[in-house]
file final-v3.csv (CSV, C-alpha atoms)
chain,number,residue,atom,x,y,z
A,1,VAL,CA,3.5,-23.1,-39.5
A,2,GLU,CA,1.2,-23.0,-42.5
A,3,SER,CA,3.3,-20.3,-44.3
A,4,ILE,CA,6.5,-22.1,-43.4
A,5,SER,CA,5.2,-25.4,-44.9
A,6,ARG,CA,4.6,-23.6,-48.2
A,7,TYR,CA,8.2,-22.4,-48.3
A,8,SER,CA,9.8,-25.8,-47.5
A,9,GLY,CA,9.4,-26.9,-51.2
A,10,TRP,CA,7.4,-26.7,-54.4
A,11,PRO,CA,5.7,-29.4,-56.4
A,12,ALA,CA,8.0,-31.1,-58.9
A,13,GLY,CA,8.3,-29.1,-62.1
A,14,HIS,CA,7.4,-25.7,-60.6
A,15,VAL,CA,9.0,-22.9,-62.5
A,16,TYR,CA,9.8,-20.6,-59.6
A,17,GLU,CA,11.9,-22.4,-57.1
A,18,PRO,CA,12.6,-20.5,-53.8
A,19,ASP,CA,16.1,-19.8,-52.8
A,20,LYS,CA,17.9,-22.8,-51.2
A,21,ASP,CA,18.8,-20.8,-48.1
A,22,LEU,CA,15.1,-20.1,-47.6
A,23,LYS,CA,14.2,-23.8,-48.0
A,24,CYS,CA,16.8,-24.7,-45.4
A,25,LEU,CA,15.5,-22.1,-42.9
A,26,ALA,CA,11.9,-23.2,-43.4
A,27,ALA,CA,12.8,-26.9,-43.0
A,28,GLU,CA,14.9,-26.2,-39.9
A,29,THR,CA,12.1,-24.1,-38.3
A,30,ILE,CA,9.7,-27.0,-39.0
A,31,ALA,CA,12.1,-29.4,-37.4
A,32,HIS,CA,12.0,-27.3,-34.2
A,33,VAL,CA,8.2,-26.5,-34.0
A,34,ALA,CA,7.2,-30.1,-35.1
A,35,LYS,CA,8.3,-31.3,-31.7
A,36,PHE,CA,4.7,-30.3,-30.7
A,37,LYS,CA,1.8,-32.4,-31.7
A,38,ARG,CA,-0.4,-29.6,-33.0
A,39,ALA,CA,2.4,-28.3,-35.3
A,40,ARG,CA,3.0,-31.8,-36.8
A,41,LYS,CA,-0.7,-31.9,-37.7
A,42,VAL,CA,-0.7,-28.5,-39.3
A,43,VAL,CA,2.3,-29.3,-41.5
A,44,ARG,CA,0.6,-32.5,-42.7
A,45,GLN,CA,-2.7,-30.6,-43.4
A,46,ASN,CA,-0.8,-28.0,-45.5
A,47,ASP,CA,0.9,-30.4,-47.8
A,48,GLY,CA,4.2,-29.9,-45.9
A,49,ILE,CA,5.3,-33.5,-45.8
A,50,LYS,CA,5.3,-34.0,-49.6
A,51,ARG,CA,7.3,-30.8,-50.0
A,52,LEU,CA,9.8,-31.8,-47.3
A,53,VAL,CA,10.2,-35.3,-48.9
A,54,SER,CA,11.0,-33.6,-52.2
A,55,LEU,CA,13.9,-31.8,-50.5
A,56,LEU,CA,15.6,-35.2,-49.8
A,57,ASP,CA,16.0,-35.5,-53.6
A,58,SER,CA,17.9,-32.2,-53.8
A,59,VAL,CA,21.3,-33.8,-54.3
A,60,LYS,CA,20.1,-35.7,-57.3
A,61,THR,CA,18.4,-32.7,-59.1
A,62,HIS,CA,21.4,-32.1,-61.3
A,63,PRO,CA,24.3,-34.3,-62.4
A,64,HIS,CA,27.2,-33.7,-59.9
A,65,HIS,CA,29.7,-32.8,-62.6
A,66,SER,CA,27.5,-29.8,-63.6
A,67,LEU,CA,27.6,-28.3,-60.1
A,68,SER,CA,30.3,-26.4,-58.3
A,69,GLN,CA,31.4,-27.6,-54.8
A,70,VAL,CA,29.5,-24.7,-53.3
A,71,GLU,CA,26.3,-25.6,-55.1
A,72,LEU,CA,26.7,-29.3,-54.2
A,73,ASP,CA,27.3,-28.5,-50.5
A,74,LYS,CA,24.1,-26.3,-50.6
A,75,ASP,CA,22.1,-29.1,-52.1
A,76,ILE,CA,23.4,-31.5,-49.4
A,77,GLU,CA,22.4,-29.0,-46.8
A,78,VAL,CA,18.9,-28.7,-48.2
A,79,ALA,CA,18.5,-32.5,-48.0
A,80,ARG,CA,19.9,-32.6,-44.5
A,81,CYS,CA,17.4,-29.9,-43.3
A,82,GLY,CA,14.6,-31.7,-44.9
A,83,ALA,CA,15.6,-34.9,-43.1
A,84,MET,CA,15.7,-33.0,-39.8
A,85,ALA,CA,12.2,-31.8,-40.3
A,86,LEU,CA,10.9,-35.3,-41.3
A,87,TRP,CA,12.6,-36.7,-38.2
A,88,SER,CA,10.5,-34.4,-36.0
A,89,LEU,CA,7.3,-35.1,-38.0
A,90,SER,CA,7.8,-38.8,-37.9
A,91,LYS,CA,6.8,-38.9,-34.2
A,92,SER,CA,3.2,-38.9,-35.5
A,93,LYS,CA,1.8,-42.2,-36.9
A,94,LYS,CA,-0.3,-40.4,-39.5
A,95,ASN,CA,2.8,-38.5,-40.6
A,96,LYS,CA,4.7,-41.8,-41.0
A,97,HIS,CA,2.0,-43.0,-43.4
A,98,GLU,CA,2.0,-39.8,-45.3
A,99,MET,CA,5.8,-39.8,-45.6
A,100,ARG,CA,5.6,-43.4,-47.0
A,101,ARG,CA,3.0,-42.4,-49.5
A,102,ALA,CA,5.2,-39.5,-50.6
A,103,GLY,CA,8.0,-41.8,-51.5
A,104,VAL,CA,10.3,-41.2,-48.5
A,105,ILE,CA,11.8,-44.7,-48.2
A,106,PRO,CA,14.0,-44.9,-51.3
A,107,LEU,CA,15.2,-41.4,-50.7
A,108,LEU,CA,16.2,-42.3,-47.1
A,109,ALA,CA,17.9,-45.4,-48.4
A,110,SER,CA,20.0,-43.3,-50.8
A,111,LEU,CA,20.9,-40.7,-48.2
A,112,LEU,CA,21.9,-43.4,-45.7
A,113,LYS,CA,24.9,-44.1,-48.0
A,114,SER,CA,26.1,-40.5,-47.6
A,115,LYS,CA,29.7,-40.0,-46.3
A,116,HIS,CA,28.5,-37.0,-44.3
A,117,GLU,CA,27.7,-38.0,-40.7
A,118,SER,CA,25.6,-34.8,-40.3
A,119,MET,CA,23.4,-36.1,-43.1
A,120,CYS,CA,23.2,-39.7,-41.7
A,121,ILE,CA,22.1,-38.7,-38.2
A,122,PRO,CA,18.7,-37.2,-39.1
A,123,VAL,CA,18.2,-40.0,-41.7
A,124,VAL,CA,18.8,-42.7,-39.2
A,125,GLY,CA,16.8,-40.8,-36.6
A,126,THR,CA,13.8,-40.8,-39.0
A,127,LEU,CA,14.2,-44.5,-39.7
A,128,GLN,CA,14.4,-45.1,-36.0
A,129,GLU,CA,11.1,-43.4,-35.4
A,130,CYS,CA,9.4,-45.1,-38.4
A,131,ALA,CA,10.7,-48.6,-37.6
A,132,SER,CA,7.9,-48.9,-35.0
A,133,GLU,CA,5.7,-49.7,-38.0
A,134,ALA,CA,6.0,-53.2,-39.6
A,135,SER,CA,5.7,-51.8,-43.1
A,136,TYR,CA,8.8,-49.6,-42.6
A,137,ARG,CA,10.7,-52.5,-41.0
A,138,LEU,CA,10.0,-54.5,-44.1
A,139,ALA,CA,11.0,-51.7,-46.4
A,140,ILE,CA,14.2,-51.0,-44.4
A,141,ARG,CA,15.2,-54.6,-45.0
A,142,THR,CA,14.2,-54.9,-48.6
A,143,GLU,CA,15.8,-51.6,-49.6
A,144,GLY,CA,19.1,-52.9,-48.3
A,145,MET,CA,19.4,-50.4,-45.4
A,146,ILE,CA,20.5,-52.9,-42.8
A,147,GLU,CA,23.9,-53.1,-44.3
A,148,ASP,CA,24.3,-49.3,-44.2
A,149,LEU,CA,23.0,-49.2,-40.6
A,150,VAL,CA,25.7,-51.6,-39.6
A,151,LYS,CA,28.3,-49.6,-41.5
A,152,ASN,CA,27.3,-46.4,-39.7
A,153,LEU,CA,27.2,-48.4,-36.4
A,154,LYS,CA,31.0,-48.7,-36.8
A,155,SER,CA,31.4,-44.9,-37.0
A,156,SER,CA,33.3,-43.0,-34.3
A,157,ASN,CA,30.4,-40.6,-33.9
A,158,GLN,CA,28.5,-41.7,-30.7
A,159,GLU,CA,25.3,-39.9,-31.6
A,160,LEU,CA,25.2,-41.7,-35.0
A,161,GLN,CA,26.1,-45.0,-33.2
A,162,MET,CA,23.2,-44.5,-30.8
A,163,HIS,CA,20.6,-43.8,-33.5
A,164,CYS,CA,21.8,-46.8,-35.5
A,165,SER,CA,21.6,-49.0,-32.4
A,166,ASN,CA,18.0,-47.8,-31.7
A,167,ALA,CA,17.0,-48.5,-35.3
A,168,ILE,CA,18.5,-52.0,-35.1
A,169,PHE,CA,16.7,-52.4,-31.7
A,170,LYS,CA,13.3,-51.9,-33.5
A,171,CYS,CA,14.1,-53.6,-36.7
A,172,ALA,CA,15.4,-56.7,-35.0
A,173,GLU,CA,11.9,-57.7,-34.1
A,174,ASP,CA,11.9,-59.6,-37.4
A,175,LYS,CA,14.0,-62.8,-37.8
A,176,GLU,CA,15.1,-62.0,-41.4
A,177,THR,CA,16.5,-58.7,-40.1
A,178,ARG,CA,18.3,-60.4,-37.2
A,179,ASP,CA,20.0,-62.7,-39.7
A,180,LEU,CA,21.1,-59.8,-41.9
A,181,ILE,CA,22.6,-57.9,-38.9
A,182,ARG,CA,24.7,-61.0,-38.2
A,183,LYS,CA,25.6,-61.4,-41.9
A,184,TYR,CA,26.9,-57.8,-42.2
A,185,GLY,CA,28.9,-58.0,-39.0
A,186,GLY,CA,26.7,-55.9,-36.8
A,187,LEU,CA,26.9,-58.0,-33.7
A,188,ASP,CA,30.6,-57.3,-33.0
A,189,PRO,CA,30.3,-53.4,-32.9
A,190,LEU,CA,27.2,-53.7,-30.7
A,191,VAL,CA,29.1,-55.7,-28.1
A,192,ALA,CA,32.0,-53.2,-28.4
A,193,LEU,CA,29.6,-50.4,-27.5
A,194,LEU,CA,29.0,-51.9,-24.1
A,195,THR,CA,32.2,-50.4,-22.9
A,196,ASN,CA,30.7,-46.8,-23.2
A,197,LYS,CA,29.4,-46.8,-19.6
A,198,ASP,CA,29.4,-43.1,-19.3
A,199,ASN,CA,27.1,-42.5,-22.3
A,200,LYS,CA,23.8,-43.9,-21.0
A,201,ALA,CA,21.8,-43.1,-24.1
A,202,LEU,CA,24.3,-45.1,-26.3
A,203,LEU,CA,24.5,-47.9,-23.7
A,204,ALA,CA,20.7,-48.2,-23.5
A,205,ALA,CA,20.5,-48.3,-27.3
A,206,ALA,CA,23.3,-50.9,-27.6
A,207,THR,CA,21.9,-53.2,-24.9
A,208,GLY,CA,18.4,-52.9,-26.5
A,209,ALA,CA,19.8,-54.0,-29.9
A,210,ILE,CA,21.7,-56.9,-28.4
A,211,TRP,CA,18.5,-58.0,-26.5
A,212,LYS,CA,16.5,-58.2,-29.7
A,213,CYS,CA,19.3,-59.7,-31.8
A,214,ALA,CA,19.7,-62.4,-29.1
A,215,ILE,CA,16.3,-63.8,-29.9
A,216,SER,CA,18.0,-65.7,-32.7
A,217,LYS,CA,20.2,-68.6,-31.4
A,218,GLU,CA,22.7,-68.1,-34.2
A,219,ASN,CA,23.3,-64.6,-32.9
A,220,VAL,CA,23.6,-65.9,-29.3
A,221,LYS,CA,26.5,-68.2,-30.5
A,222,ARG,CA,28.3,-65.1,-31.8
A,223,PHE,CA,27.7,-63.3,-28.6
A,224,GLN,CA,29.2,-66.2,-26.8
A,225,ASP,CA,32.4,-65.9,-28.9
A,226,LEU,CA,32.5,-62.2,-28.1
A,227,ARG,CA,32.1,-62.9,-24.3
A,228,ALA,CA,29.1,-60.6,-24.3
A,229,ILE,CA,27.8,-62.3,-21.1
A,230,ASP,CA,30.7,-60.9,-19.1
A,231,TYR,CA,30.0,-57.4,-20.3
A,232,LEU,CA,26.3,-57.7,-19.7
A,233,VAL,CA,26.7,-59.1,-16.2
A,234,GLY,CA,28.9,-56.1,-15.5
A,235,LEU,CA,26.0,-53.8,-16.2
A,236,LEU,CA,23.6,-55.4,-13.7
A,237,ASN,CA,24.4,-52.7,-11.2
A,238,ASP,CA,23.9,-49.8,-13.6
A,239,PRO,CA,21.7,-47.0,-12.2
A,240,ASN,CA,20.0,-46.4,-15.5
A,241,GLU,CA,16.7,-48.3,-15.6
A,242,GLU,CA,16.5,-48.5,-19.4
A,243,VAL,CA,20.0,-50.0,-19.5
A,244,LEU,CA,18.9,-52.6,-16.8
A,245,ILE,CA,15.7,-53.6,-18.7
A,246,ASN,CA,17.6,-54.2,-21.9
A,247,THR,CA,20.6,-55.9,-20.2
A,248,VAL,CA,18.4,-58.3,-18.3
A,249,GLY,CA,16.3,-58.9,-21.5
A,250,ALA,CA,19.5,-59.8,-23.3
A,251,LEU,CA,20.7,-62.1,-20.5
A,252,ALA,CA,17.3,-63.8,-20.4
A,253,GLU,CA,17.6,-64.7,-24.1
A,254,CYS,CA,21.2,-65.8,-23.9
A,255,ALA,CA,20.5,-67.9,-20.8
A,256,GLN,CA,18.5,-70.4,-22.8
A,257,GLU,CA,21.9,-72.0,-23.7
A,258,PRO,CA,23.5,-74.0,-20.9
A,259,GLU,CA,26.9,-72.7,-21.7
A,260,ASN,CA,25.7,-69.1,-21.1
A,261,ARG,CA,24.0,-70.0,-17.8
A,262,ALA,CA,27.4,-71.3,-16.6
A,263,SER,CA,29.1,-68.1,-17.8
A,264,MET,CA,26.6,-66.0,-15.9
A,265,ARG,CA,27.2,-68.0,-12.7
A,266,LYS,CA,31.0,-67.7,-13.1
A,267,ALA,CA,30.7,-64.0,-13.6
A,268,ASN,CA,28.6,-63.7,-10.4
A,269,GLY,CA,25.5,-62.6,-12.3
A,270,VAL,CA,22.8,-64.6,-10.5
A,271,LEU,CA,22.7,-62.7,-7.2
A,272,PRO,CA,22.4,-59.2,-8.9
A,273,LEU,CA,19.4,-60.6,-10.8
A,274,ILE,CA,17.8,-61.8,-7.6
A,275,THR,CA,18.4,-58.3,-6.1
A,276,LEU,CA,16.5,-56.7,-9.1
A,277,LEU,CA,13.3,-58.5,-7.9
A,278,THR,CA,12.8,-55.7,-5.4
A,279,GLY,CA,12.2,-53.2,-8.1
A,280,THR,CA,8.9,-51.8,-9.3
A,281,ASN,CA,9.4,-51.5,-13.1
A,282,ASN,CA,7.1,-54.0,-14.7
A,283,GLN,CA,9.2,-54.7,-17.8
A,284,LEU,CA,12.3,-55.1,-15.6
A,285,LEU,CA,10.6,-57.5,-13.4
A,286,ILE,CA,9.3,-59.5,-16.4
A,287,ASN,CA,12.8,-59.7,-17.9
A,288,THR,CA,14.4,-60.6,-14.5
A,289,CYS,CA,11.9,-63.4,-13.8
A,290,LYS,CA,12.5,-64.8,-17.3
A,291,ALA,CA,16.3,-64.7,-16.8
A,292,LEU,CA,16.1,-66.3,-13.4
A,293,SER,CA,13.7,-69.0,-14.7
A,294,GLN,CA,16.4,-69.9,-17.3
A,295,CYS,CA,19.2,-69.9,-14.7
A,296,ALA,CA,17.1,-72.2,-12.4
A,297,GLN,CA,17.4,-75.0,-14.9
A,298,ASP,CA,20.9,-75.5,-13.6
A,299,GLN,CA,21.2,-77.1,-10.2
A,300,ASP,CA,24.3,-75.1,-9.4
A,301,ASN,CA,22.3,-71.9,-9.5
A,302,ILE,CA,19.6,-73.1,-7.1
A,303,GLY,CA,21.6,-72.3,-4.0
A,304,TYR,CA,21.4,-68.6,-4.5
call {"tool": "encode", "arguments": {"input": "final-v3.csv", "output": "structure tokens"}}
result
Amino acid sequence: VESISRYSGWPAGHVYEPDKDLKCLAAETIAHVAKFKRARKVVRQNDGIKRLVSLLDSVKTHPHHSLSQVELDKDIEVARCGAMALWSLSKSKKNKHEMRRAGVIPLLASLLKSKHESMCIPVVGTLQECASEASYRLAIRTEGMIEDLVKNLKSSNQELQMHCSNAIFKCAEDKETRDLIRKYGGLDPLVALLTNKDNKALLAAATGAIWKCAISKENVKRFQDLRAIDYLVGLLNDPNEEVLINTVGALAECAQEPENRASMRKANGVLPLITLLTGTNNQLLINTCKALSQCAQDQDNIGY
């Protein structure tokens, strides 16, 4: 891993730049081995993170008009492989801090605008991992990345949609971000994703994003217009526990509004909530109790 880290890039201005194919191979190898904690530490200790971050700038090294299409495609591939490696490395908190110090944020913001889905997937995956840190969530908002996350959310690529939803799930902890998601039209595609019942990873990500977005009353109003309550109630019998946790969390937030409590009752959503009280998952029980406590404010729901 130490040797591979040295081949993943050279300090800026170094005269002897390794072949781009070798950089790609080194970065791809790091992406695989960095799934293990020890390897992530070794890469950081051998200055690998700075070198990998520098790969993200590959597509800007030369003016595009001076490159052939083959050369441009290779530069894009170098940046993509660097993003793949950083995605794996970002599972470490110390690596997240090192990546930020190395200037990864503006480079990720630039690559997020790429028209290449294969590029956007590892970029969003990295943002998704890093968004657990408040400093990254702030940077994602101030660098204008929320708009691009929403744009990619509307992609037809389900893997990209999933990672965008997960990134929104984490970023929507902050009110300013929730407002931006609504401003850029991100609530509509999130509700549309609720129809993908066979893709559990995507469904869990979408319900999680809706849950956090629903913390803002303005977003709940838009969810009402989109009839999100009906879709969410339809997921209360889903066998996937993560989907259930997020779905019930979303319903608990939406149920603070009397109109939504009535919608839940009309959609026969109260009884399935009561049934979930027999489960053992702590977060699911917390969300279920919160949802039922909101429902209990209406006398018509007491009879259940």
call {"tool": "residues_near_point", "arguments": {"input": "final-v3.csv", "point": "(24.2, -67.4, -33.1)", "cutoff": "12 Å", "atoms": "only C-alpha atoms", "output": "PyMOL selection string"}}
result
chain A and resi 178-179+181-183+187-188+210+213-226+253-254+257
call {"tool": "residues_around", "arguments": {"input": "final-v3.csv", "residues": "Gln128 in chain A", "least_positions_apart": "5", "cutoff": "9 Å", "atoms": "all atoms listed in the file", "output": "list in words"}}
result
Trp87, Val123, His163, Cys164, Ser165, Asn166, Ala167, Ile168, Phe169, Lys170 and Cys171 of chain A
call {"tool": "write_last_selection", "arguments": {"input": "final-v3.csv", "atoms": "C-alpha atoms", "output": "JSON list (two decimals), keeping the file's coordinate frame"}}
result
[["chain", "number", "residue", "atom", "x", "y", "z"],
["A", 87, "TRP", "CA", 12.60, -36.70, -38.20],
["A", 123, "VAL", "CA", 18.20, -40.00, -41.70],
["A", 163, "HIS", "CA", 20.60, -43.80, -33.50],
["A", 164, "CYS", "CA", 21.80, -46.80, -35.50],
["A", 165, "SER", "CA", 21.60, -49.00, -32.40],
["A", 166, "ASN", "CA", 18.00, -47.80, -31.70],
["A", 167, "ALA", "CA", 17.00, -48.50, -35.30],
["A", 168, "ILE", "CA", 18.50, -52.00, -35.10],
["A", 169, "PHE", "CA", 16.70, -52.40, -31.70],
["A", 170, "LYS", "CA", 13.30, -51.90, -33.50],
["A", 171, "CYS", "CA", 14.10, -53.60, -36.70]]
call {"tool": "residues_near_point", "arguments": {"input": "final-v3.csv", "point": "(23.2, -41.3, -31.6)", "cutoff": "8 Å", "atoms": "all atoms listed in the file", "output": "list in words"}}
result
Ile121, Asn157, Gln158, Glu159, Leu160, Gln161, Met162, His163, Cys164, Ser165, Ala201 and Leu202 of chain A
call {"tool": "write_last_selection", "arguments": {"input": "final-v3.csv", "atoms": "C-alpha atoms", "output": "mmCIF file, in the coordinates of the input"}}
result
data_model
loop_
_atom_site.group_PDB
_atom_site.id
_atom_site.type_symbol
_atom_site.label_atom_id
_atom_site.label_comp_id
_atom_site.auth_asym_id
_atom_site.auth_seq_id
_atom_site.Cartn_x
_atom_site.Cartn_y
_atom_site.Cartn_z
ATOM 1 C CA ILE A 121 22.100 -38.700 -38.200
ATOM 2 C CA ASN A 157 30.400 -40.600 -33.900
ATOM 3 C CA GLN A 158 28.500 -41.700 -30.700
ATOM 4 C CA GLU A 159 25.300 -39.900 -31.600
ATOM 5 C CA LEU A 160 25.200 -41.700 -35.000
ATOM 6 C CA GLN A 161 26.100 -45.000 -33.200
ATOM 7 C CA MET A 162 23.200 -44.500 -30.800
ATOM 8 C CA HIS A 163 20.600 -43.800 -33.500
ATOM 9 C CA CYS A 164 21.800 -46.800 -35.500
ATOM 10 C CA SER A 165 21.600 -49.000 -32.400
ATOM 11 C CA ALA A 201 21.800 -43.100 -24.100
ATOM 12 C CA LEU A 202 24.300 -45.100 -26.300
#
call {"tool": "atom_distance", "arguments": {"input": "final-v3.csv", "atom1": "CA of Ile76 in chain A", "atom2": "CA of Ser58 in chain A"}}
result
7.1 Å
call {"tool": "residues_around", "arguments": {"input": "final-v3.csv", "residues": "Asp75 in chain A", "least_positions_apart": "3", "cutoff": "8 Å", "atoms": "all atoms listed in the file", "output": "mmCIF file with C-alpha atoms, keeping the file's coordinate frame"}}
result
data_model
loop_
_atom_site.group_PDB
_atom_site.id
_atom_site.type_symbol
_atom_site.label_atom_id
_atom_site.label_comp_id
_atom_site.auth_asym_id
_atom_site.auth_seq_id
_atom_site.Cartn_x
_atom_site.Cartn_y
_atom_site.Cartn_z
ATOM 1 C CA LYS A 20 17.900 -22.800 -51.200
ATOM 2 C CA SER A 58 17.900 -32.200 -53.800
ATOM 3 C CA VAL A 59 21.300 -33.800 -54.300
ATOM 4 C CA GLU A 71 26.300 -25.600 -55.100
ATOM 5 C CA LEU A 72 26.700 -29.300 -54.200
ATOM 6 C CA VAL A 78 18.900 -28.700 -48.200
ATOM 7 C CA ALA A 79 18.500 -32.500 -48.000
#
call {"tool": "residues_around", "arguments": {"input": "final-v3.csv", "residues": "range 263-266 of chain A", "least_positions_apart": "2", "cutoff": "10 Å", "atoms": "only C-alpha atoms", "output": "NGL selection string"}}
result
:A and (224 or 227-230 or 232-233 or 251 or 254-255 or 258-261 or 268-271 or 295 or 298 or 300-301)
call {"tool": "closest_residue", "arguments": {"input": "final-v3.csv", "among": "A:Val124, A:Leu112, A:Ala83, A:Ile274", "to": "Ser54 in chain A", "atoms": "only C-alpha atoms"}}
result
A:Ala83
call {"tool": "closest_residue", "arguments": {"input": "final-v3.csv", "among": "A:Thr126, A:Arg80, A:Ser88, A:Ser118", "to": "Arg100 in chain A", "atoms": "all atoms listed in the file"}}
result
A:Thr126
call {"tool": "closest_residue", "arguments": {"input": "final-v3.csv", "among": "A:Glu173, A:Glu143, A:Asp47, A:Glu77", "to": "Ala102 in chain A", "atoms": "only C-alpha atoms"}}
result
A:Asp47
call {"tool": "residues_around", "arguments": {"input": "final-v3.csv", "residues": "range 103-107 of chain A", "least_positions_apart": "4", "cutoff": "7 Å", "atoms": "all atoms listed in the file", "output": "VMD selection string"}}
result
chain A and resid 53 56 to 57 99 111
call {"tool": "atom_distance", "arguments": {"input": "final-v3.csv", "atom1": "CA of Thr275 in chain A", "atom2": "CA of Thr207 in chain A"}}
result
19.8 Å
call {"tool": "residues_around", "arguments": {"input": "final-v3.csv", "residues": "Lys154 in chain A", "least_positions_apart": "3", "cutoff": "7 Å", "atoms": "all atoms listed in the file", "output": "VMD selection string"}}
result
chain A and resid 150 to 151 189
call {"tool": "write_last_selection", "arguments": {"input": "final-v3.csv", "atoms": "C-alpha atoms", "output": "compact mmCIF listing (two decimals), in the coordinates of the input"}}
result
# COMPACT_ATOMS: atom_id res chain seq x y z
CA VAL A 150 25.70 -51.60 -39.60
CA LYS A 151 28.30 -49.60 -41.50
CA PRO A 189 30.30 -53.40 -32.90
call {"tool": "closest_residue", "arguments": {"input": "final-v3.csv", "among": "A:Thr177, A:Thr288, A:Ser68, A:Ser293", "to": "Ala250 in chain A", "atoms": "all atoms listed in the file"}}
result
A:Thr288
call {"tool": "closest_residue", "arguments": {"input": "final-v3.csv", "among": "A:Leu285, A:Met119, A:Ala205, A:Ala85", "to": "Cys24 in chain A", "atoms": "all atoms listed in the file"}}
result
A:Ala85
call {"tool": "closest_residue", "arguments": {"input": "final-v3.csv", "among": "A:Thr29, A:Leu89, A:Leu108, A:Leu277", "to": "Leu55 in chain A", "atoms": "all atoms listed in the file"}}
result
A:Leu108
call {"tool": "atom_distance", "arguments": {"input": "final-v3.csv", "atom1": "CA of Leu153 in chain A", "atom2": "CA of Gly186 in chain A"}}
result
7.5 Å
call {"tool": "axis_aligned_box", "arguments": {"input": "final-v3.csv", "around": "range 198-201 of chain A", "padding_each_side": "8 Å", "output": "AutoDock Vina command-line options"}}
result
--center_x 25.6 --center_y -43.2 --center_z -21.7 --size_x 23.6 --size_y 17.4 --size_z 20.8
call {"tool": "decode", "arguments": {"input": "final-v3.csv", "residues": "range 179-193 of chain A", "atoms": "C-alpha atoms", "output": "PDB file, in the first residue's frame"}}
result
ATOM      1  CA  ASP A 179     -34.791  25.024   2.262  1.00  0.00           C
ATOM      2  CA  LEU A 180     -32.375  24.741  -0.667  1.00  0.00           C
ATOM      3  CA  ILE A 181     -33.567  21.222  -1.493  1.00  0.00           C
ATOM      4  CA  ARG A 182     -37.111  22.589  -1.780  1.00  0.00           C
ATOM      5  CA  LYS A 183     -35.936  25.640  -3.733  1.00  0.00           C
ATOM      6  CA  TYR A 184     -34.184  23.510  -6.354  1.00  0.00           C
ATOM      7  CA  GLY A 185     -37.121  21.124  -6.748  1.00  0.00           C
ATOM      8  CA  GLY A 186     -35.648  18.163  -4.899  1.00  0.00           C
ATOM      9  CA  LEU A 187     -38.792  17.088  -3.044  1.00  0.00           C
ATOM     10  CA  ASP A 188     -40.691  15.946  -6.139  1.00  0.00           C
ATOM     11  CA  PRO A 189     -38.086  13.423  -7.393  1.00  0.00           C
ATOM     12  CA  LEU A 190     -37.666  12.060  -3.845  1.00  0.00           C
ATOM     13  CA  VAL A 191     -41.373  11.221  -3.671  1.00  0.00           C
ATOM     14  CA  ALA A 192     -41.215   9.743  -7.182  1.00  0.00           C
ATOM     15  CA  LEU A 193     -38.500   7.340  -5.973  1.00  0.00           C
TER      16      LEU A 193
END
